[in-house]
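**Student:** One structure follows; several queries about it will come next.
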Amino acid sequence: MRLFTIEDLKDIYIKFHQRGLPFLLSKLSLNSYKRTQSAFNEKEIQTSNFWIIPKVRKRWNKLITGDENVVYEEYLTQNFFKNKDKIKVLALGTGVCSHEIKLAELNPNLEIHCYDFSDELLNKAKTISDQKNLNNIFYFAENVLTYSFKPNEYDAVFFHASLHHFDNIPQFLDDVVIKSLKPDGYIIINEFVGNSRLQYSTLQLEYINKALKEIPKKFRKIFKTEIYKNKYYGSGVVRMIVADPSECVDSKSIIPAIHQKFDIIDEKSYGNNILQSAFKDIAHHFVDLNPEKETILEKVFALEDELLLKHPSDFIFGIYRLKQNPI
């Protein structure tokens with residue numbers, strides 16, 4: 001476990017330039033819930049993360065759906081939701097609800113209830129869904145951990161990049177997810193399931209830095225700064241807890257706990273073991289591509305594929321059905 005790293009100092013400097021002093025000062029609150037809120041409550045966040053790279057997103061599509069042009073919401077629609085009667089879905093930790101809105105558009109037979117503590121993001125989501133004239137998606141600004149959900153109410157519980165923000169995953173699944181589900185209900189995830197608090201293995205750090213060496217200096221200038229990304233040192237636990245106490249708090253337990261309590265219907269690994277950290281704060285260089293950048297991305301993808309042959313995937317898409325007699 002790494003308590004403090006050089007990466008932590010760099011991250012503080014970068015966050016100051018990208019999100020400003022008020023954001024950093026919000027991390028001084030002794031209230032851990034408020035520190036978590038401050039990480040998510042902004043409607044427009046100026047950063048440069050790996051998910052903004054179109055070619056990365058196409059890679060995800062290929063690994064999850066088999067077609068780089070088919071997103072997982074379309075895959076879910078065709079392979080899971082299609083031709084089913086009314087399905088009631090509980091979506092937890094939804095933020096601005098972009099994926100839930102997409103599912104609502106594709107599947108009029110869904111009734112989606114979105115829960116998140118950020119009223120700012122939910123208000124933005126409601127504005128978007130109202131503009132699309134959707135009447136099958138609803139928003140609730142609540143603390144999921146303290147809210148009392150009706151038992152046996154939902155056909156499916158959905159998480160997109162939110163389950164890893166909950167602590168004590170086995171207990172959370174019992175107390176919130178399974179309690180809310182009908183006896184034959186499902187859990188659907190698209191999640192980070194790697195080491196808790198981003199405590200990467202030595203092998204993973206080695207490969208991330210191999211990837212950085214494949215990226216020329218001109219493409220390693222960090223967003224909104226004058227510094228360059230030359231080496232990645234990994235995250236320290238203390239800085240992660242201060243920045244967002246919920247971040248990857250028990251992520252390593254997600255897959256073992258789900259496998260214990262649910263049967264696998266569909267499960268796809270899609271990596272990001274290298275991409276998430278190598279392209280953090282420099283991804284903006286790869287939004288618009290040319291042949292040189294295409295070649296760089298292919299080299300990094302090849303390194304990630306090599307790592308995944310000997311290391312568990314950090315990200316999983318999965319559909320699981322509640323076991324009738326869980327162990």
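Naming scheme: A, B, ... for chains in displayed order of the structure tokens; residues 1 onward per chain; ligands 1 onward as shown.
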As an NGL selection string, please: the residues near Ala156 in chain A (cut-off 9 Å, only C-alpha atoms, same-chain neighbours under 2 positions excluded).
**Tutor:** :A and (87-91 or 154 or 158 or 177 or 180-182 or 185-188 or 321)
**Student:** Could the residues in this selection be saved with C-alpha atoms as a PDB file, in the first residue's frame?
**Tutor:**
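again38.pdb, written as the output of this step:
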ATOM      1  CA  ILE A  87     -39.026  -3.605 -16.838  1.00  0.00           C
ATOM      2  CA  LYS A  88     -38.474  -1.499 -13.744  1.00  0.00           C
ATOM      3  CA  VAL A  89     -34.833  -0.458 -13.321  1.00  0.00           C
ATOM      4  CA  LEU A  90     -33.152   1.089 -10.289  1.00  0.00           C
ATOM      5  CA  ALA A  91     -30.052   3.088 -11.290  1.00  0.00           C
ATOM      6  CA  TYR A 154     -37.188  -3.725  -9.253  1.00  0.00           C
ATOM      7  CA  PHE A 158     -27.965  -0.748 -12.900  1.00  0.00           C
ATOM      8  CA  VAL A 177     -29.309  -4.147  -4.230  1.00  0.00           C
ATOM      9  CA  SER A 180     -34.610  -3.933  -3.826  1.00  0.00           C
ATOM     10  CA  LEU A 181     -34.701  -6.714  -6.419  1.00  0.00           C
ATOM     11  CA  LYS A 182     -37.487  -9.116  -7.243  1.00  0.00           C
ATOM     12  CA  GLY A 185     -33.895  -9.882 -10.562  1.00  0.00           C
ATOM     13  CA  TYR A 186     -30.690  -8.816 -12.281  1.00  0.00           C
ATOM     14  CA  ILE A 187     -27.719  -6.568 -11.626  1.00  0.00           C
ATOM     15  CA  ILE A 188     -26.093  -4.861 -14.615  1.00  0.00           C
ATOM     16  CA  ARG A 321     -29.093 -12.892 -12.290  1.00  0.00           C
TER      17      ARG A 321
END
**Student:** Write out as a PDB file with C-alpha atoms, in the first residue's frame the set of residues from range 40-283 of chain A that DSSP, computed on the backbone, places in strand (DSSP E).
**Tutor:**
ATOM      1  CA  ILE A  87     -39.026  -3.605 -16.838  1.00  0.00           C
ATOM      2  CA  LYS A  88     -38.474  -1.499 -13.744  1.00  0.00           C
ATOM      3  CA  VAL A  89     -34.833  -0.458 -13.321  1.00  0.00           C
ATOM      4  CA  LEU A  90     -33.152   1.089 -10.289  1.00  0.00           C
ATOM      5  CA  ALA A  91     -30.052   3.088 -11.290  1.00  0.00           C
ATOM      6  CA  LEU A  92     -27.759   4.086  -8.427  1.00  0.00           C
ATOM      7  CA  LEU A 110     -38.156   0.468 -19.304  1.00  0.00           C
ATOM      8  CA  GLU A 111     -39.125   2.539 -16.294  1.00  0.00           C
ATOM      9  CA  ILE A 112     -35.864   3.895 -14.896  1.00  0.00           C
ATOM     10  CA  HIS A 113     -35.488   5.442 -11.444  1.00  0.00           C
ATOM     11  CA  CYS A 114     -32.224   7.397 -11.128  1.00  0.00           C
ATOM     12  CA  TYR A 115     -30.804   8.071  -7.657  1.00  0.00           C
ATOM     13  CA  ASP A 116     -27.839  10.331  -6.931  1.00  0.00           C
ATOM     14  CA  ILE A 137     -37.118   8.072 -16.583  1.00  0.00           C
ATOM     15  CA  PHE A 138     -37.385   9.674 -13.137  1.00  0.00           C
ATOM     16  CA  TYR A 139     -34.917  11.432 -10.843  1.00  0.00           C
ATOM     17  CA  PHE A 140     -34.412  11.341  -7.077  1.00  0.00           C
ATOM     18  CA  ALA A 141     -31.787  13.362  -5.195  1.00  0.00           C
ATOM     19  CA  TYR A 154     -37.188  -3.725  -9.253  1.00  0.00           C
ATOM     20  CA  ASP A 155     -36.453  -6.120 -12.088  1.00  0.00           C
ATOM     21  CA  ALA A 156     -32.871  -4.862 -12.432  1.00  0.00           C
ATOM     22  CA  VAL A 157     -30.358  -2.654 -10.639  1.00  0.00           C
ATOM     23  CA  PHE A 158     -27.965  -0.748 -12.900  1.00  0.00           C
ATOM     24  CA  PHE A 159     -24.539   0.702 -12.176  1.00  0.00           C
ATOM     25  CA  HIS A 160     -22.360   2.668 -14.563  1.00  0.00           C
ATOM     26  CA  LEU A 181     -34.701  -6.714  -6.419  1.00  0.00           C
ATOM     27  CA  LYS A 182     -37.487  -9.116  -7.243  1.00  0.00           C
ATOM     28  CA  PRO A 183     -36.526 -12.758  -6.529  1.00  0.00           C
ATOM     29  CA  ASP A 184     -35.481 -13.312 -10.162  1.00  0.00           C
ATOM     30  CA  GLY A 185     -33.895  -9.882 -10.562  1.00  0.00           C
ATOM     31  CA  TYR A 186     -30.690  -8.816 -12.281  1.00  0.00           C
ATOM     32  CA  ILE A 187     -27.719  -6.568 -11.626  1.00  0.00           C
ATOM     33  CA  ILE A 188     -26.093  -4.861 -14.615  1.00  0.00           C
ATOM     34  CA  ILE A 189     -22.679  -3.224 -14.227  1.00  0.00           C
ATOM     35  CA  ASN A 190     -20.151  -1.299 -16.280  1.00  0.00           C
ATOM     36  CA  GLU A 191     -17.501  -0.788 -13.632  1.00  0.00           C
ATOM     37  CA  PHE A 192     -13.982  -0.336 -12.384  1.00  0.00           C
ATOM     38  CA  PHE A 262     -25.484 -13.799  -8.697  1.00  0.00           C
ATOM     39  CA  ASP A 263     -25.186 -16.116 -11.698  1.00  0.00           C
ATOM     40  CA  ILE A 264     -23.270 -14.812 -14.723  1.00  0.00           C
ATOM     41  CA  ILE A 265     -25.469 -14.128 -17.745  1.00  0.00           C
ATOM     42  CA  ASP A 266     -22.870 -12.112 -19.670  1.00  0.00           C
ATOM     43  CA  GLU A 267     -19.480 -10.793 -18.573  1.00  0.00           C
ATOM     44  CA  LYS A 268     -16.920  -8.915 -20.683  1.00  0.00           C
ATOM     45  CA  SER A 269     -13.475  -7.678 -19.649  1.00  0.00           C
ATOM     46  CA  TYR A 270     -12.305  -4.533 -21.405  1.00  0.00           C
ATOM     47  CA  GLY A 271      -9.125  -3.537 -19.647  1.00  0.00           C
TER      48      GLY A 271
END
**Student:** Once you count only C-alpha atoms, what closest atom pair and distance in Å to one decimal does each residue of range 264-313 of chain A within 9 Å of range 46-60 of chain A have, with rows by chain and rising residue number, as a Markdown table?
**Tutor:**
| residue | atom | partner | partner_atom | distance |
| --- | --- | --- | --- | --- |
| A:Tyr270 | CA | A:Trp60 | CA | 6.0 |
| A:Gly271 | CA | A:Trp60 | CA | 8.4 |
| A:Asn272 | CA | A:Trp60 | CA | 8.9 |
| A:Leu275 | CA | A:Phe50 | CA | 6.4 |
| A:Gln276 | CA | A:Phe50 | CA | 5.6 |
| A:Ser277 | CA | A:Phe50 | CA | 7.8 |
| A:Ala278 | CA | A:Phe50 | CA | 8.1 |
| A:Phe279 | CA | A:Phe50 | CA | 5.2 |
| A:Lys280 | CA | A:Asn49 | CA | 4.8 |
| A:Asp281 | CA | A:Ser48 | CA | 4.5 |
| A:Ile282 | CA | A:Ser48 | CA | 6.0 |
| A:Ala283 | CA | A:Phe50 | CA | 5.3 |
| A:His284 | CA | A:Ser48 | CA | 5.6 |
| A:His285 | CA | A:Ile53 | CA | 8.7 |
| A:Phe286 | CA | A:Ile53 | CA | 5.9 |
| A:Val287 | CA | A:Ile53 | CA | 5.0 |
| A:Asp288 | CA | A:Ile53 | CA | 8.4 |
| A:Leu289 | CA | A:Lys55 | CA | 8.9 |
| A:Glu294 | CA | A:Lys55 | CA | 8.6 |
| A:Leu297 | CA | A:Lys55 | CA | 8.0 |
| A:Phe301 | CA | A:Arg59 | CA | 8.8 |
**Student:** A:Ile178, A:Ile241, A:Ala125, A:Leu163: which is nearest Lys323 in chain A, counting only C-alpha atoms?
**Tutor:**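 Result for the nearest residue to Lys323 in chain A: A:Ile178.
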**Student:** Any chance you could list, as an NGL selection string, the residues in range 212-291 of chain A that come up helix (DSSP H, G or I) when DSSP is run on the backbone?
**Tutor:** :A and (212-213 or 217-219 or 237-243 or 251-261 or 275-278 or 283-286 or 291)
**Student:** Keeping only C-alpha atoms, take the residues you just selected and write them out as a compact mmCIF listing (two decimals), in the first residue's frame.
**Tutor:**
# COMPACT_ATOMS: atom_id res chain seq x y z
CA LEU A 212 4.25 6.68 -21.56
CA LYS A 213 7.59 5.99 -23.26
CA LYS A 217 6.92 14.58 -25.38
CA LYS A 218 4.79 16.94 -27.49
CA PHE A 219 1.74 14.78 -26.65
CA VAL A 237 -4.08 6.24 -0.22
CA VAL A 238 -4.10 9.37 1.94
CA ARG A 239 -4.59 11.77 -0.98
CA MET A 240 -7.33 9.57 -2.43
CA ILE A 241 -9.23 9.56 0.86
CA VAL A 242 -8.91 13.33 1.22
CA ALA A 243 -9.92 13.98 -2.42
CA SER A 251 -13.61 -2.04 -5.70
CA LYS A 252 -11.57 -5.24 -5.44
CA SER A 253 -14.55 -6.94 -3.74
CA ILE A 254 -17.05 -6.20 -6.54
CA ILE A 255 -16.57 -9.23 -8.78
CA PRO A 256 -16.07 -11.84 -6.01
CA ALA A 257 -19.18 -10.56 -4.19
CA ILE A 258 -21.31 -10.52 -7.35
CA HIS A 259 -20.16 -14.01 -8.34
CA GLN A 260 -21.11 -15.27 -4.89
CA LYS A 261 -24.61 -13.81 -4.96
CA LEU A 275 -5.18 3.54 -20.62
CA GLN A 276 -6.80 5.07 -17.53
CA SER A 277 -3.54 6.25 -15.99
CA ALA A 278 -1.28 6.67 -19.02
CA ALA A 283 -5.98 12.63 -23.40
CA HIS A 284 -6.91 15.89 -25.15
CA HIS A 285 -3.96 15.41 -27.51
CA PHE A 286 -5.65 12.28 -28.94
CA PRO A 291 -1.46 8.84 -38.66
**Student:** Measuring atom to atom with only C-alpha atoms, identify which of A:Asn79, A:Asn195, A:Ser118, A:Asn136 is nearest to Lys102 in chain A.
**Tutor:**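 Closest to Lys102 in chain A of all the choices is A:Asn136.
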**Student:** Measuring between only C-alpha atoms, which one of A:Ile296, A:Leu76, A:Leu303, A:Val144 shows the shortest distance to Ile215 in chain A?
**Tutor:**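 When distances to Ile215 in chain A are compared using only C-alpha atoms, the smallest one comes from A:Ile296.
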